[in-house]
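Structure file model30.txt (compact mmCIF, C-alpha atoms and all ligand atoms) is printed below.
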# COMPACT_ATOMS: atom_id res chain seq x y z
CA MET A 1 110.10 146.14 208.42
CA ASN A 2 108.10 143.73 206.32
CA VAL A 3 104.84 142.46 207.67
CA THR A 4 102.64 139.61 206.59
CA PRO A 5 99.15 140.99 206.07
CA GLY A 6 97.37 137.57 205.82
CA THR A 7 93.77 137.19 206.84
CA THR A 8 94.46 135.67 210.21
CA ALA A 9 97.19 138.04 211.35
CA GLY A 10 96.47 141.34 213.02
CA HIS A 11 97.55 144.66 211.67
CA GLY A 12 101.33 144.73 211.64
CA ALA A 13 101.89 141.17 212.84
CA ALA A 14 105.05 139.53 211.50
CA SER A 15 106.10 135.90 211.44
CA ILE A 16 109.17 134.93 213.47
CA THR A 17 111.65 132.46 212.04
CA LEU A 18 114.49 131.02 214.07
CA GLU A 19 117.07 129.39 211.83
CA GLY A 20 119.64 127.24 213.59
CA ILE A 21 120.12 129.65 216.47
CA ARG A 22 122.72 128.89 219.09
CA LYS A 23 123.81 130.61 222.29
CA ARG A 24 127.03 129.88 224.07
CA TYR A 25 127.58 132.14 227.06
CA PRO A 26 131.08 133.50 227.68
CA ASP A 27 131.65 130.95 230.48
CA GLY A 28 131.11 128.14 227.98
CA THR A 29 127.49 127.25 228.88
CA GLU A 30 125.71 125.99 225.78
CA ALA A 31 122.27 127.38 226.66
CA VAL A 32 120.86 126.73 223.16
CA ARG A 33 122.72 124.32 220.91
CA GLU A 34 120.72 124.60 217.72
CA LEU A 35 117.11 125.58 217.39
CA SER A 36 114.92 126.17 214.37
CA LEU A 37 111.30 127.20 214.76
CA GLU A 38 108.72 129.21 212.90
CA VAL A 39 105.93 131.21 214.51
CA LYS A 40 103.26 132.22 212.03
CA ALA A 41 102.08 135.82 211.93
CA GLY A 42 99.21 136.37 214.34
CA GLU A 43 99.79 133.12 216.25
CA LEU A 44 100.76 132.51 219.85
CA THR A 45 103.56 130.02 220.43
CA VAL A 46 104.38 128.85 223.93
CA LEU A 47 107.90 127.79 224.89
CA ILE A 48 107.81 125.28 227.71
CA GLY A 49 110.35 122.93 229.26
CA PRO A 50 112.26 122.20 232.45
CA SER A 51 114.11 124.93 234.32
CA GLY A 52 117.34 125.95 232.64
CA CYS A 53 116.52 124.48 229.21
CA GLY A 54 117.04 127.83 227.50
CA LYS A 55 113.53 129.31 227.15
CA SER A 56 114.38 132.81 228.34
CA THR A 57 117.59 132.78 226.34
CA VAL A 58 115.61 132.03 223.17
CA LEU A 59 113.09 134.77 223.93
CA ARG A 60 115.78 137.35 224.63
CA MET A 61 117.62 136.51 221.44
CA ILE A 62 114.53 137.50 219.46
CA ASN A 63 114.74 141.10 220.70
CA ARG A 64 118.53 140.94 220.96
CA LEU A 65 118.77 141.51 224.66
CA ILE A 66 121.04 138.50 224.14
CA GLU A 67 123.07 138.16 220.95
CA PRO A 68 122.95 134.73 219.30
CA THR A 69 126.29 133.04 218.82
CA ASP A 70 125.08 131.58 215.56
CA GLY A 71 122.04 131.33 213.32
CA ARG A 72 119.50 133.78 211.96
CA ILE A 73 116.32 135.28 213.35
CA LEU A 74 113.83 136.75 210.91
CA LEU A 75 110.87 139.01 211.62
CA GLY A 76 108.81 138.71 208.47
CA ASP A 77 111.63 138.72 205.91
CA ASP A 78 114.02 140.88 207.90
CA ASP A 79 117.07 139.53 209.67
CA VAL A 80 116.96 141.04 213.16
CA THR A 81 120.72 140.84 213.54
CA ARG A 82 121.03 143.43 210.80
CA VAL A 83 118.90 146.14 212.37
CA ASP A 84 119.77 148.51 215.19
CA PRO A 85 118.87 146.65 218.43
CA VAL A 86 117.37 149.73 220.09
CA ALA A 87 115.09 150.42 217.12
CA LEU A 88 114.27 146.70 217.04
CA ARG A 89 113.16 146.66 220.69
CA ARG A 90 110.75 149.50 220.05
CA ARG A 91 109.03 147.27 217.49
CA ILE A 92 108.85 144.33 219.86
CA GLY A 93 106.69 144.39 222.98
CA TYR A 94 108.27 142.63 225.97
CA VAL A 95 106.44 141.58 229.11
CA ILE A 96 108.29 140.00 232.02
CA GLN A 97 107.28 138.26 235.23
CA ASN A 98 107.35 141.17 237.63
CA VAL A 99 106.32 143.56 234.88
CA GLY A 100 109.21 145.98 235.44
CA LEU A 101 107.02 149.09 235.61
CA PHE A 102 108.83 152.30 236.46
CA PRO A 103 107.85 152.83 240.13
CA HIS A 104 108.07 156.64 240.11
CA GLN A 105 105.95 157.09 237.00
CA THR A 106 102.19 157.00 236.78
CA VAL A 107 100.39 154.18 234.99
CA ALA A 108 99.72 156.52 232.03
CA ALA A 109 103.38 157.52 231.83
CA ASN A 110 104.45 153.88 232.00
CA VAL A 111 102.15 152.93 229.12
CA ALA A 112 103.42 155.96 227.16
CA THR A 113 107.08 154.89 227.42
CA VAL A 114 107.64 153.64 223.86
CA PRO A 115 105.42 156.28 222.14
CA GLY A 116 107.54 158.82 224.06
CA LEU A 117 110.76 157.29 222.77
CA LEU A 118 109.29 157.36 219.28
CA ARG A 119 108.38 161.04 219.79
CA TRP A 120 104.72 160.64 219.03
CA PRO A 121 102.70 163.89 219.26
CA ARG A 122 101.29 164.34 222.78
CA GLN A 123 97.64 163.99 221.81
CA ARG A 124 98.25 160.80 219.85
CA THR A 125 100.05 159.32 222.86
CA ARG A 126 97.26 160.39 225.23
CA ASP A 127 94.63 158.82 222.98
CA ARG A 128 96.64 155.62 222.68
CA VAL A 129 97.13 155.32 226.45
CA HIS A 130 93.40 155.80 226.96
CA GLU A 131 92.55 153.19 224.35
CA LEU A 132 95.01 150.65 225.75
CA LEU A 133 93.97 150.98 229.36
CA GLU A 134 90.39 150.37 228.24
CA LEU A 135 91.53 147.42 226.16
CA VAL A 136 93.15 145.73 229.19
CA GLY A 137 90.13 146.46 231.37
CA LEU A 138 91.40 149.37 233.46
CA ASP A 139 89.37 152.58 233.64
CA PRO A 140 91.78 155.24 232.26
CA GLY A 141 90.31 158.00 234.44
CA GLN A 142 90.72 155.97 237.59
CA PHE A 143 94.00 154.18 236.96
CA GLY A 144 95.97 156.48 234.62
CA ARG A 145 97.12 158.72 237.47
CA ARG A 146 97.99 155.98 239.94
CA TYR A 147 101.50 154.74 240.65
CA PRO A 148 102.44 151.06 240.33
CA HIS A 149 102.48 150.52 244.11
CA GLU A 150 98.83 151.64 244.20
CA LEU A 151 97.79 148.66 242.04
CA SER A 152 97.13 144.98 242.72
CA GLY A 153 99.46 142.40 241.18
CA GLY A 154 96.91 141.57 238.48
CA GLN A 155 96.38 145.23 237.65
CA ARG A 156 100.14 145.75 237.36
CA GLN A 157 100.29 142.82 235.00
CA ARG A 158 97.63 144.41 232.79
CA VAL A 159 99.54 147.67 232.73
CA GLY A 160 102.60 145.66 231.64
CA VAL A 161 100.61 144.21 228.73
CA ALA A 162 99.22 147.66 227.81
CA ARG A 163 102.71 149.12 227.86
CA ALA A 164 104.06 146.35 225.65
CA LEU A 165 101.27 146.94 223.11
CA ALA A 166 101.59 150.75 223.14
CA ALA A 167 103.42 151.37 219.89
CA ASP A 168 101.57 148.58 218.07
CA PRO A 169 104.57 146.22 217.99
CA VAL A 170 104.91 143.60 215.29
CA VAL A 171 105.70 140.97 217.89
CA LEU A 172 105.05 140.45 221.58
CA LEU A 173 107.46 138.47 223.78
CA MET A 174 106.18 137.37 227.18
CA ASP A 175 108.36 135.74 229.84
CA GLU A 176 106.21 134.12 232.56
CA PRO A 177 103.79 137.06 232.29
CA PHE A 178 101.14 135.72 234.64
CA SER A 179 103.18 133.77 237.16
CA ALA A 180 103.44 136.47 239.82
CA VAL A 181 99.72 136.42 240.62
CA ASP A 182 97.59 133.90 242.48
CA PRO A 183 95.91 131.07 240.53
CA ILE A 184 92.44 132.63 240.42
CA VAL A 185 93.61 136.01 239.19
CA ARG A 186 95.91 134.18 236.86
CA THR A 187 93.10 132.26 235.18
CA ARG A 188 91.11 135.46 234.80
CA LEU A 189 94.06 137.30 233.29
CA GLN A 190 94.63 134.42 230.89
CA GLU A 191 91.02 134.55 229.76
CA GLU A 192 91.15 138.30 229.31
CA PHE A 193 94.41 137.95 227.48
CA LEU A 194 92.86 135.47 225.04
CA ARG A 195 90.06 137.93 224.33
CA LEU A 196 92.61 140.67 223.81
CA GLN A 197 94.65 138.50 221.46
CA ALA A 198 91.52 137.66 219.44
CA GLU A 199 91.22 141.41 218.91
CA VAL A 200 94.83 142.44 218.29
CA ARG A 201 96.17 139.21 216.74
CA LYS A 202 99.83 139.81 217.48
CA THR A 203 102.54 137.28 216.86
CA ILE A 204 103.39 136.18 220.38
CA VAL A 205 106.06 134.01 221.94
CA LEU A 206 105.28 133.23 225.57
CA VAL A 207 107.49 131.39 228.03
CA THR A 208 105.86 129.50 230.87
CA HIS A 209 106.45 126.68 233.35
CA ASP A 210 102.76 125.97 233.55
CA LEU A 211 101.44 123.32 231.18
CA ASP A 212 97.81 124.30 231.79
CA GLU A 213 98.66 127.86 230.80
CA ALA A 214 100.45 126.57 227.69
CA VAL A 215 97.43 124.47 226.70
CA ARG A 216 94.98 127.30 227.38
CA LEU A 217 96.87 130.03 225.54
CA GLY A 218 98.98 128.41 222.85
CA ASP A 219 98.08 128.00 219.20
CA ARG A 220 101.21 125.89 219.22
CA ILE A 221 103.46 124.64 221.97
CA ALA A 222 107.20 124.09 221.63
CA VAL A 223 108.51 121.65 224.23
CA LEU A 224 112.21 122.19 224.83
CA SER A 225 114.69 120.03 226.69
CA GLU A 226 118.15 120.88 227.96
CA GLY A 227 120.24 122.93 225.55
CA GLY A 228 117.17 124.34 223.83
CA ARG A 229 116.54 121.07 222.01
CA LEU A 230 113.12 121.07 220.33
CA GLU A 231 111.34 117.91 221.43
CA GLN A 232 107.97 118.66 219.83
CA TYR A 233 106.24 121.61 218.20
CA ASP A 234 102.53 121.05 217.86
CA SER A 235 99.02 122.23 218.65
CA PRO A 236 97.96 121.60 222.26
CA ALA A 237 95.61 118.79 221.16
CA ALA A 238 98.31 117.05 219.09
CA LEU A 239 100.88 117.43 221.86
CA LEU A 240 98.58 115.91 224.48
CA GLY A 241 97.18 113.32 222.08
CA SER A 242 100.45 112.07 220.58
CA PRO A 243 103.56 112.99 222.53
CA ALA A 244 106.51 112.57 220.14
CA SER A 245 108.97 111.09 222.64
CA PRO A 246 109.19 109.58 226.12
CA PHE A 247 110.52 112.96 227.30
CA VAL A 248 107.39 114.76 226.08
CA ARG A 249 105.12 112.01 227.41
CA GLU A 250 106.61 112.37 230.85
CA PHE A 251 106.57 116.15 230.62
CA VAL A 252 102.87 116.40 229.73
CA GLY A 253 102.14 113.94 232.53
CA ALA A 254 99.62 111.31 233.42
CA ASP A 255 96.68 113.71 233.46
CA ARG A 256 97.11 114.69 229.84
CA GLY A 257 93.81 112.94 229.00
CA ILE A 258 91.95 115.50 231.09
CA ARG A 259 93.97 118.33 229.64
CA ARG A 260 93.27 117.01 226.19
CA LEU A 261 89.53 117.15 226.81
CA ALA A 262 89.93 120.87 227.49
CA VAL A 263 91.20 121.46 223.95
CA THR A 264 88.89 119.00 222.20
CA PRO A 265 85.58 120.37 220.95
CA VAL A 266 82.34 118.38 220.89
CA THR A 267 81.87 117.74 217.15
CA PRO A 268 78.99 116.11 215.19
CA GLU A 269 81.10 112.94 214.62
CA VAL A 270 80.92 111.89 218.26
CA LEU A 271 77.16 112.29 218.60
CA ASP A 272 74.56 109.54 218.78
CA PRO A 273 71.10 110.14 217.29
CA LEU A 274 68.44 111.80 219.41
CA PRO A 275 65.99 109.38 221.06
CA ALA A 276 62.42 109.20 219.79
CA GLY A 277 60.82 111.08 222.68
CA ASP A 278 61.92 114.34 224.24
CA PRO A 279 65.01 113.79 226.39
CA VAL A 280 64.16 114.95 229.88
CA ASP A 281 66.34 115.91 232.82
CA LEU A 282 69.55 115.56 230.89
CA PRO A 283 72.28 118.18 230.91
CA ALA A 284 72.58 120.23 227.71
CA VAL A 285 75.97 121.04 226.22
CA PRO A 286 76.65 123.17 223.15
CA LEU A 287 78.04 121.75 219.90
CA GLY A 288 81.58 123.09 219.56
CA GLY A 289 81.94 123.53 223.33
CA SER A 290 84.87 121.81 225.08
CA ALA A 291 84.69 118.12 225.89
CA TYR A 292 86.03 119.03 229.34
CA ASP A 293 83.02 121.25 230.05
CA ALA A 294 80.71 118.53 228.72
CA LEU A 295 82.28 116.00 231.08
CA GLY A 296 81.82 118.45 233.94
CA ALA A 297 78.12 118.76 233.08
CA LEU A 298 77.72 114.96 232.99
CA LEU A 299 79.52 114.42 236.27
CA THR A 300 77.55 117.15 238.03
CA SER A 301 74.22 115.67 236.97
CA ALA A 302 75.32 112.01 237.30
CA ALA A 303 73.73 111.38 233.88
CA GLU A 304 75.04 108.90 231.29
CA HIS A 305 74.15 111.16 228.36
CA ALA A 306 74.05 114.84 227.56
CA VAL A 307 71.89 116.53 224.93
CA VAL A 308 74.04 118.44 222.49
CA THR A 309 72.48 121.64 221.21
CA GLU A 310 73.15 124.05 218.39
CA ASP A 311 71.53 127.47 218.62
CA GLY A 312 69.47 126.07 221.49
CA ARG A 313 68.12 123.17 219.38
CA PRO A 314 68.96 119.51 220.28
CA VAL A 315 71.09 117.97 217.52
CA GLY A 316 72.30 114.73 219.10
CA MET A 317 73.29 112.82 222.20
CA LEU A 318 76.71 112.52 223.75
CA SER A 319 77.44 109.51 225.93
CA ARG A 320 79.86 109.43 228.83
CA SER A 321 81.88 106.64 227.20
CA ARG A 322 82.25 108.54 223.91
CA LEU A 323 83.36 111.55 225.85
CA LEU A 324 85.96 109.65 227.86
CA ALA A 325 87.28 108.09 224.64
CA LEU A 326 88.07 111.61 223.40
CA GLY A 327 90.58 111.99 226.20
CA ALA A 328 92.17 108.57 225.68
CA PRO A 329 95.71 108.67 224.34
CA ALA A 330 96.21 107.80 220.67
CA ASP A 331 99.40 105.85 221.39
N1 LIG A 401 124.60 135.06 231.49
C1 LIG A 401 124.74 133.74 231.56
N2 LIG A 401 125.96 133.18 231.62
C2 LIG A 401 126.13 131.84 231.67
N3 LIG A 401 125.11 130.97 231.64
C3 LIG A 401 123.86 131.48 231.59
C4 LIG A 401 123.60 132.88 231.55
N4 LIG A 401 122.27 133.07 231.49
C5 LIG A 401 121.71 131.85 231.51
N5 LIG A 401 122.67 130.89 231.58
C6 LIG A 401 122.47 129.42 231.58
O1 LIG A 401 121.86 129.06 230.36
C7 LIG A 401 120.93 128.00 230.56
C8 LIG A 401 119.58 128.45 230.04
O2 LIG A 401 119.09 129.52 230.86
P1 LIG A 401 117.63 130.17 230.62
O3 LIG A 401 117.46 131.25 231.61
O4 LIG A 401 117.52 130.49 229.18
O5 LIG A 401 116.71 128.92 230.95
P2 LIG A 401 115.14 128.86 231.20
O6 LIG A 401 114.65 127.65 230.47
O7 LIG A 401 114.52 130.15 230.86
O8 LIG A 401 115.13 128.61 232.77
P3 LIG A 401 113.97 128.90 233.86
O9 LIG A 401 112.77 128.13 233.42
O10 LIG A 401 114.59 128.35 235.11
O11 LIG A 401 113.77 130.38 233.89
C9 LIG A 401 120.96 127.69 232.03
O12 LIG A 401 121.82 126.61 232.24
C10 LIG A 401 121.55 128.94 232.66
O13 LIG A 401 122.26 128.66 233.85
Rewrite the coordinates I just gave you, this time as structure tokens.
Ligand SMILES: Nc1ncnc2c1ncn2[C@@H]1O[C@H](COP(=O)(O)OP(=O)(O)OP(=O)(O)O)[C@@H](O)[C@H]1O
Amino acid sequence: MNVTPGTTAGHGAASITLEGIRKRYPDGTEAVRELSLEVKAGELTVLIGPSGCGKSTVLRMINRLIEPTDGRILLGDDDVTRVDPVALRRRIGYVIQNVGLFPHQTVAANVATVPGLLRWPRQRTRDRVHELLELVGLDPGQFGRRYPHELSGGQRQRVGVARALAADPVVLLMDEPFSAVDPIVRTRLQEEFLRLQAEVRKTIVLVTHDLDEAVRLGDRIAVLSEGGRLEQYDSPAALLGSPASPFVREFVGADRGIRRLAVTPVTPEVLDPLPAGDPVDLPAVPLGGSAYDALGALLTSAAEHAVVTEDGRPVGMLSRSRLLALGAPAD
């Protein structure tokens, strides 16, 4: 299988190209009418859209759990419809909502599933399981021997991610991976997952219903409407800043200004000069930090300005009005 080495992609990450894919189920349902989309190697694309718009169908066509009726799907330069589907699935990690761990196997055995199928030597598998459990924040000595029912929902979710990464797949597909856990655990898992992705840099397609999750995790977000129609494919900031259609505008909602602040960094262009004297009793926010966090600091202190710092040194002032303007829609 060809891989795109590139500087941004992780080891063994491949781009995914969907070319005019279509899925018509045997009962005549046109789940996906025609969809073309490219996910760059090492990037995370989120598929989002109303229930029944075809997100899971698209995801499952990539690893051929569902066969497309038409169109091509490429991993790197390889057409996935031309390779053996079982071999293909071993190269593609797949994480689903309720994880699907084998209940009668230990955590270690669950993580070792694909290396086992690939007949890795025992020691290599053991080392890999150890490494992965550490990577997802579970102590291998403590958790390796447990069974899935002896874990919390969040821990099970981590084991699901470790299992999907076990054989160093070229691509990771995730269908509502964090939706089965409560909002606080969910946010923590998302943060940990972002750290993990910064390390492993896989090409990831993630399906979610949750716009905040999409904005937090996605390098790019694909908004789909009924029949797998691609309404917009953009970075979170571009999607929130300039929705391409009334459908997208309604979908991203009235509070998109706030969401937009979360993906907008505080940059030198929005700063006012420092005042002559030392600014006292003003909140300090870091250059490059999120505008959302800066707004939080201003609201908490009831100040009109924050001091923006770089390496602990004041470099400019940020006013409340400038900050709010960053969240204002461009249209
Ligand atoms: N096996 C099937 N046979 C017939 N129709 C199906 C089948 N599987 C899914 N569908 C239909 O295809 C459409 C897309 O389903 P899909 O599960 O891909 O949507 P989704 O966007 O993932 O939905 P949700 O967000 O609710 O999980 C829906 O109308 C669904 O009813």
Tell me, as a list of chain:residue names, which residues lie within 8 Å of Gly228 (chain A), counting only C-alpha atoms; anything in the same chain fewer than 2 positions away does not count.
-> A:Ala31, A:Val32, A:Arg33, A:Glu34, A:Leu35, A:Cys53, A:Gly54, A:Lys55, A:Val58, A:Leu224, A:Ser225, A:Glu226, A:Leu230
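Around region 274-276 of chain A, within 12 Å and counting only C-alpha atoms, the residues found are Val280, His305, Ala306, Val307, Val308, Thr309, Arg313, Pro314, Val315, Gly316, Met317, Leu318 and Ser319 of chain A, once anything fewer than 4 positions away on its own chain is removed.
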Separation of CA of Ser245 (chain A) and CA of Leu211 (chain A), in Å?
-> 16.7 Å
Give me the residues of chain A that have any atom at most 12 Å from an atom of ligand LIG 401 (chain A); for each, the nearest atom pair and the distance in Å, rounded to one decimal. Use all atoms listed in the file, sort by chain and number, and format it as a tab-separated table.
residue	atom	partner	partner_atom	distance
A:Arg22	CA	A:LIG401	O1	11.3
A:Lys23	CA	A:LIG401	O1	8.4
A:Arg24	CA	A:LIG401	N3	7.9
A:Tyr25	CA	A:LIG401	C2	4.8
A:Pro26	CA	A:LIG401	N2	6.5
A:Asp27	CA	A:LIG401	C2	5.7
A:Gly28	CA	A:LIG401	C2	7.2
A:Thr29	CA	A:LIG401	N3	5.2
A:Glu30	CA	A:LIG401	O1	6.7
A:Ala31	CA	A:LIG401	O1	4.1
A:Val32	CA	A:LIG401	C8	7.2
A:Arg33	CA	A:LIG401	C7	10.5
A:Leu47	CA	A:LIG401	O6	8.8
A:Ile48	CA	A:LIG401	O6	7.7
A:Gly49	CA	A:LIG401	O6	6.5
A:Pro50	CA	A:LIG401	O9	6.0
A:Ser51	CA	A:LIG401	O10	3.5
A:Gly52	CA	A:LIG401	O8	3.5
A:Cys53	CA	A:LIG401	O6	3.9
A:Gly54	CA	A:LIG401	O4	3.2
A:Lys55	CA	A:LIG401	O6	3.9
A:Ser56	CA	A:LIG401	O7	3.7
A:Thr57	CA	A:LIG401	O4	3.6
A:Val58	CA	A:LIG401	O4	6.5
A:Leu59	CA	A:LIG401	O4	8.1
A:Arg60	CA	A:LIG401	O4	8.4
A:Met61	CA	A:LIG401	O4	9.8
A:Leu65	CA	A:LIG401	N1	11.1
A:Ile66	CA	A:LIG401	N1	8.9
A:Glu67	CA	A:LIG401	N1	11.1
A:Ile96	CA	A:LIG401	O11	11.2
A:Gln97	CA	A:LIG401	O11	10.3
A:Met174	CA	A:LIG401	O7	11.6
A:Asp175	CA	A:LIG401	O7	8.4
A:Glu176	CA	A:LIG401	O11	8.5
A:Ser179	CA	A:LIG401	O11	11.6
A:Leu206	CA	A:LIG401	O7	11.1
A:Val207	CA	A:LIG401	O7	7.7
A:Thr208	CA	A:LIG401	O9	7.5
A:His209	CA	A:LIG401	O9	6.5
A:Asp210	CA	A:LIG401	O9	10.2
A:Val223	CA	A:LIG401	O6	10.6
A:Leu224	CA	A:LIG401	O6	8.2
A:Ser225	CA	A:LIG401	O6	8.5
A:Glu226	CA	A:LIG401	C8	8.0
A:Gly227	CA	A:LIG401	C8	7.1
A:Gly228	CA	A:LIG401	C8	7.8
A:Arg229	CA	A:LIG401	O6	10.9
Given 6 Å of margin on each side, can you work out the centre and size in Å (one decimal) of an axis-aligned box holding every listed atom of region 242-245 of chain A, as AutoDock Vina command-line options?
--center_x 104.7 --center_y 112.0 --center_z 221.4 --size_x 20.5 --size_y 13.9 --size_z 14.5
Within 10 Å of Ala238 (chain A), counting all atoms listed in the file, which residues qualify if same-chain residues fewer than 6 places away don't, as a ChimeraX atom specification?
-> /A:220-221,232,244,260,263,330
Figure out the distance between CA of Val129 (chain A) and CA of Pro183 (chain A), please, to one decimal in Å.
-> 28.1 Å
Could you make a table, as CSV, of the residues of region 169-255 of chain A that have an atom within 9 Å of an atom of region 144-159 of chain A, each with its nearest atom pair and distance in Å to one decimal, counting only C-alpha atoms, in chain and number order?
residue,atom,partner,partner_atom,distance
A:Pro177,CA,A:Gln157,CA,7.3
A:Phe178,CA,A:Gln157,CA,7.2
A:Ala180,CA,A:Gly153,CA,7.3
A:Val181,CA,A:Gly153,CA,6.0
A:Asp182,CA,A:Gly154,CA,8.7
A:Val185,CA,A:Gly154,CA,6.5
A:Arg186,CA,A:Gly154,CA,7.6
A:Leu189,CA,A:Gly154,CA,7.3
A:Phe193,CA,A:Arg158,CA,9.0
Pick out the residues sitting within 12 Å of region 112-122 of chain A, and hand them over as a ChimeraX atom specification; count all atoms listed in the file, and ignore anything fewer than 6 positions along from it in its own chain.
-> /A:86-94,101-102,105-106,128-133,144,159-160,162-169
With a distance cut-off of 10 Å and all atoms listed in the file, select the neighbouring residues of Gln197 (chain A), excluding the residue or stretch itself and same-chain residues fewer than 3 positions from it, and output the selection as an MDAnalysis selection string.
-> chainID A and resid 10 42:44 191:194 200:204 217
Rounded to one decimal in Å, what is the spacing between CA of Gly141 (chain A) and CA of Asp127 (chain A)?
->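 We find that CA of Gly141 (chain A) and CA of Asp127 (chain A) lie 12.3 Å from each other.
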Nearest residue to Thr17 (chain A) from the set A:Asp293, A:Asp234, A:Glu250, A:Glu38 (distances using only C-alpha atoms) =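 Ranked by minimum distance to Thr17 (chain A), first place goes to A:Glu38.
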